[in-house]
file entry-v1.cif (mmCIF, C-alpha atoms)
data_work
loop_
_atom_site.group_PDB
_atom_site.id
_atom_site.type_symbol
_atom_site.label_atom_id
_atom_site.label_comp_id
_atom_site.auth_asym_id
_atom_site.auth_seq_id
_atom_site.Cartn_x
_atom_site.Cartn_y
_atom_site.Cartn_z
ATOM 1 C CA MET U 72 -3.581 9.356 -15.420
ATOM 2 C CA THR U 73 0.056 10.036 -16.160
ATOM 3 C CA PRO U 74 2.782 7.560 -15.179
ATOM 4 C CA HIS U 75 4.210 10.145 -12.773
ATOM 5 C CA LEU U 76 0.858 10.649 -11.035
ATOM 6 C CA LEU U 77 0.333 6.878 -10.796
ATOM 7 C CA ARG U 78 3.753 6.518 -9.195
ATOM 8 C CA VAL U 79 2.919 9.236 -6.667
ATOM 9 C CA CYS U 80 -0.408 7.562 -5.845
ATOM 10 C CA ILE U 81 1.256 4.173 -5.322
ATOM 11 C CA GLU U 82 4.020 5.683 -3.187
ATOM 12 C CA ASN U 83 1.466 7.615 -1.104
ATOM 13 C CA THR U 84 -0.638 4.496 -0.608
ATOM 14 C CA LEU U 85 2.411 2.501 0.478
ATOM 15 C CA ALA U 86 3.244 5.284 2.936
ATOM 16 C CA LEU U 87 -0.270 5.169 4.367
ATOM 17 C CA ILE U 88 -0.229 1.370 4.648
ATOM 18 C CA ALA U 89 3.158 1.535 6.367
ATOM 19 C CA GLU U 90 2.363 4.073 9.057
ATOM 20 C CA ARG U 91 0.121 3.450 12.036
ATOM 21 C CA ASP U 92 -0.016 7.098 13.078
ATOM 22 C CA ALA U 93 -0.956 8.225 9.564
ATOM 23 C CA GLN U 94 -3.807 5.715 9.516
ATOM 24 C CA LEU U 95 -5.110 6.766 12.904
ATOM 25 C CA HIS U 96 -4.853 10.440 11.905
ATOM 26 C CA TYR U 97 -6.698 9.730 8.645
ATOM 27 C CA GLN U 98 -9.474 8.047 10.636
ATOM 28 C CA ALA U 99 -9.677 10.984 13.060
ATOM 29 C CA GLN U 100 -9.947 13.409 10.130
ATOM 30 C CA SER U 101 -12.549 11.255 8.332
ATOM 31 C CA PRO U 102 -14.821 9.734 10.975
ATOM 32 C CA GLY U 103 -17.344 8.505 8.398
ATOM 33 C CA LEU U 104 -14.698 6.527 6.527
ATOM 34 C CA ASP U 105 -13.608 2.974 7.304
ATOM 35 C CA VAL U 106 -9.841 3.465 7.032
ATOM 36 C CA SER U 107 -9.091 -0.244 7.444
ATOM 37 C CA THR U 108 -11.073 -1.004 4.298
ATOM 38 C CA GLU U 109 -9.750 2.111 2.573
ATOM 39 C CA LEU U 110 -6.167 0.816 2.860
ATOM 40 C CA PHE U 111 -7.084 -2.231 0.815
ATOM 41 C CA LEU U 112 -9.234 -0.358 -1.679
ATOM 42 C CA GLN U 113 -6.615 2.313 -2.364
ATOM 43 C CA TRP U 114 -3.954 -0.257 -3.172
ATOM 44 C CA GLU U 115 -6.333 -2.135 -5.462
ATOM 45 C CA ASP U 116 -7.261 1.139 -7.181
ATOM 46 C CA TRP U 117 -3.663 1.995 -8.046
ATOM 47 C CA TYR U 118 -1.857 -1.316 -8.476
ATOM 48 C CA ARG U 119 -2.461 -2.163 -12.139
ATOM 49 C CA PRO U 120 0.784 -3.851 -13.190
ATOM 50 C CA ARG U 121 -0.244 -4.401 -16.809
ATOM 51 C CA SER U 122 -1.417 -0.871 -17.509
ATOM 52 C CA PRO U 123 0.707 1.273 -19.837
ATOM 53 C CA GLU U 124 0.999 3.938 -17.125
ATOM 54 C CA PHE U 125 2.337 1.432 -14.607
ATOM 55 C CA LEU U 126 4.837 0.059 -17.129
ATOM 56 C CA ASP U 127 6.059 3.601 -17.795
ATOM 57 C CA ALA U 128 6.135 4.556 -14.100
ATOM 58 C CA PHE U 129 8.200 1.628 -12.790
ATOM 59 C CA ASP U 130 11.225 -0.189 -14.166
ATOM 60 C CA ALA U 131 11.440 -3.997 -14.062
ATOM 61 C CA SER U 132 13.167 -4.074 -10.674
ATOM 62 C CA GLU U 133 10.639 -1.723 -9.096
ATOM 63 C CA ALA U 134 7.760 -3.677 -10.639
ATOM 64 C CA SER U 135 9.189 -6.853 -9.115
ATOM 65 C CA THR U 136 9.370 -5.145 -5.712
ATOM 66 C CA LEU U 137 5.755 -4.037 -6.019
ATOM 67 C CA ARG U 138 4.712 -7.528 -7.137
ATOM 68 C CA ALA U 139 6.289 -8.996 -3.992
ATOM 69 C CA PHE U 140 4.400 -6.492 -1.842
ATOM 70 C CA HIS U 141 1.193 -7.282 -3.707
ATOM 71 C CA ALA U 142 1.582 -10.994 -2.904
ATOM 72 C CA ILE U 143 1.736 -10.200 0.822
ATOM 73 C CA PHE U 144 -1.074 -7.666 0.445
ATOM 74 C CA THR U 145 -3.253 -10.316 -1.223
ATOM 75 C CA ASP U 146 -2.582 -12.849 1.543
ATOM 76 C CA VAL U 147 -3.495 -10.338 4.240
ATOM 77 C CA ARG U 148 -6.529 -9.094 2.332
ATOM 78 C CA ASN U 149 -7.812 -12.632 1.836
ATOM 79 C CA ASP U 150 -7.387 -13.331 5.554
ATOM 80 C CA VAL U 151 -9.071 -10.226 6.930
ATOM 81 C CA PHE U 152 -11.103 -8.356 4.340
ATOM 82 C CA GLU U 153 -14.491 -9.884 5.106
ATOM 83 C CA THR U 154 -14.174 -8.990 8.785
ATOM 84 C CA VAL U 155 -11.575 -6.237 8.842
ATOM 85 C CA PRO U 156 -11.813 -4.462 12.198
ATOM 86 C CA SER U 157 -11.754 -0.732 12.778
ATOM 87 C CA ILE U 158 -8.369 0.832 12.196
ATOM 88 C CA ALA U 159 -7.803 1.251 15.947
ATOM 89 C CA GLN U 160 -8.190 -2.512 16.327
ATOM 90 C CA PHE U 161 -6.543 -3.482 13.040
ATOM 91 C CA VAL U 162 -3.251 -1.743 13.889
ATOM 92 C CA GLU U 163 -2.939 -4.088 16.880
ATOM 93 C CA THR U 164 -3.076 -7.291 14.805
ATOM 94 C CA ALA U 165 -0.408 -9.532 13.329
ATOM 95 C CA ALA U 166 -2.040 -9.087 9.912
ATOM 96 C CA TRP U 167 -1.578 -5.318 10.128
ATOM 97 C CA ARG U 168 2.051 -5.707 11.232
ATOM 98 C CA ARG U 169 2.698 -8.000 8.287
ATOM 99 C CA ILE U 170 1.276 -5.626 5.696
ATOM 100 C CA SER U 171 2.782 -2.555 7.350
ATOM 101 C CA ASP U 172 6.240 -4.136 7.535
ATOM 102 C CA ALA U 173 5.965 -5.194 3.901
ATOM 103 C CA ALA U 174 4.961 -1.665 2.867
ATOM 104 C CA ARG U 175 7.953 -0.157 4.720
ATOM 105 C CA ALA U 176 10.319 -2.678 3.131
ATOM 106 C CA THR U 177 8.848 -1.914 -0.292
ATOM 107 C CA GLN U 178 9.313 1.812 0.256
ATOM 108 C CA ALA U 179 12.958 1.250 1.193
ATOM 109 C CA LEU U 180 13.587 -0.887 -1.879
ATOM 110 C CA LEU U 181 11.960 1.692 -4.162
ATOM 111 C CA ARG U 182 14.059 4.459 -2.613
ATOM 112 C CA SER U 183 17.254 2.469 -3.064
ATOM 113 C CA ALA U 184 16.313 1.721 -6.682
ATOM 114 C CA LEU U 185 15.863 5.441 -7.325
ATOM 115 C CA LYS U 186 19.236 6.250 -5.796
ATOM 116 C CA ALA U 187 20.911 3.591 -7.935
ATOM 117 C CA ALA U 188 19.348 4.959 -11.120
#
call {"tool": "encode", "arguments": {"input": "entry-v1.cif", "output": "structure tokens"}}
result
Amino acid sequence: MTPHLLRVCIENTLALIAERDAQLHYQAQSPGLDVSTELFLQWEDWYRPRSPEFLDAFDASEASTLRAFHAIFTDVRNDVFETVPSIAQFVETAAWRRISDAARATQALLRSALKAA
């Protein structure tokens, strides 16, 4: 995978984690998929902070921003992953709000870092 493609995958995953409507739409389009679990699995698939592609895709400031999101992600995952509810239920929880808010904040910080570059 190229650094550019990895960046796109991480940005797309953050966007999905951030947006309730996108998650509910994804579930409606993929009824056999557990979107709640998919949110966690996608992030874990792409977030590889020591990989050469990651190091090429994100500068130190962006990597720090992603690391901060990952810390919140890990807390939420550890709290809910064994019994994560359906996406329709998950989006109504404090855990979902925490991870969604963190994803939106991370997106904003990445956008501002790009504008500053």
call {"tool": "resolve_selection", "arguments": {"input": "entry-v1.cif", "expression": "the PyMOL selection byres ((chain U and resi 121-129) around 9)", "output": "PyMOL selection string"}}
result
chain U and resi 72-78+117-120+130-134
call {"tool": "resolve_selection", "arguments": {"input": "entry-v1.cif", "expression": "the PyMOL selection byres ((chain U and resi 143) around 12)", "output": "PyMOL selection string"}}
result
chain U and resi 111+136-142+144-150+166-174+176-177
call {"tool": "atom_distance", "arguments": {"input": "entry-v1.cif", "atom1": "CA of Arg91 in chain U", "atom2": "CA of Val155 in chain U"}}
result
15.5 Å
call {"tool": "closest_residue", "arguments": {"input": "entry-v1.cif", "among": "U:Val79, U:Leu95, U:Leu181, U:Ala86", "to": "Ser107 in chain U", "atoms": "only C-alpha atoms"}}
result
U:Leu95
call {"tool": "resolve_selection", "arguments": {"input": "entry-v1.cif", "expression": "the PyMOL selection byres ((chain U and resi 106) around 9)", "output": "list in words"}}
result
Gln94, Leu95, Tyr97, Gln98, Ser101, Pro102, Leu104, Asp105, Ser107, Thr108, Glu109, Leu110, Phe111, Ser157 and Ile158 of chain U
call {"tool": "atom_distance", "arguments": {"input": "entry-v1.cif", "atom1": "CA of Gln178 in chain U", "atom2": "CA of Leu112 in chain U"}}
result
18.8 Å
call {"tool": "atom_distance", "arguments": {"input": "entry-v1.cif", "atom1": "CA of Glu163 in chain U", "atom2": "CA of His96 in chain U"}}
result
15.5 Å
call {"tool": "axis_aligned_box", "arguments": {"input": "entry-v1.cif", "around": "range 161-178 of chain U", "padding_each_side": "4 Å", "output": "AutoDock Vina command-line options"}}
result
--center_x 1.9 --center_y -3.9 --center_z 8.3 --size_x 24.9 --size_y 19.3 --size_z 25.2
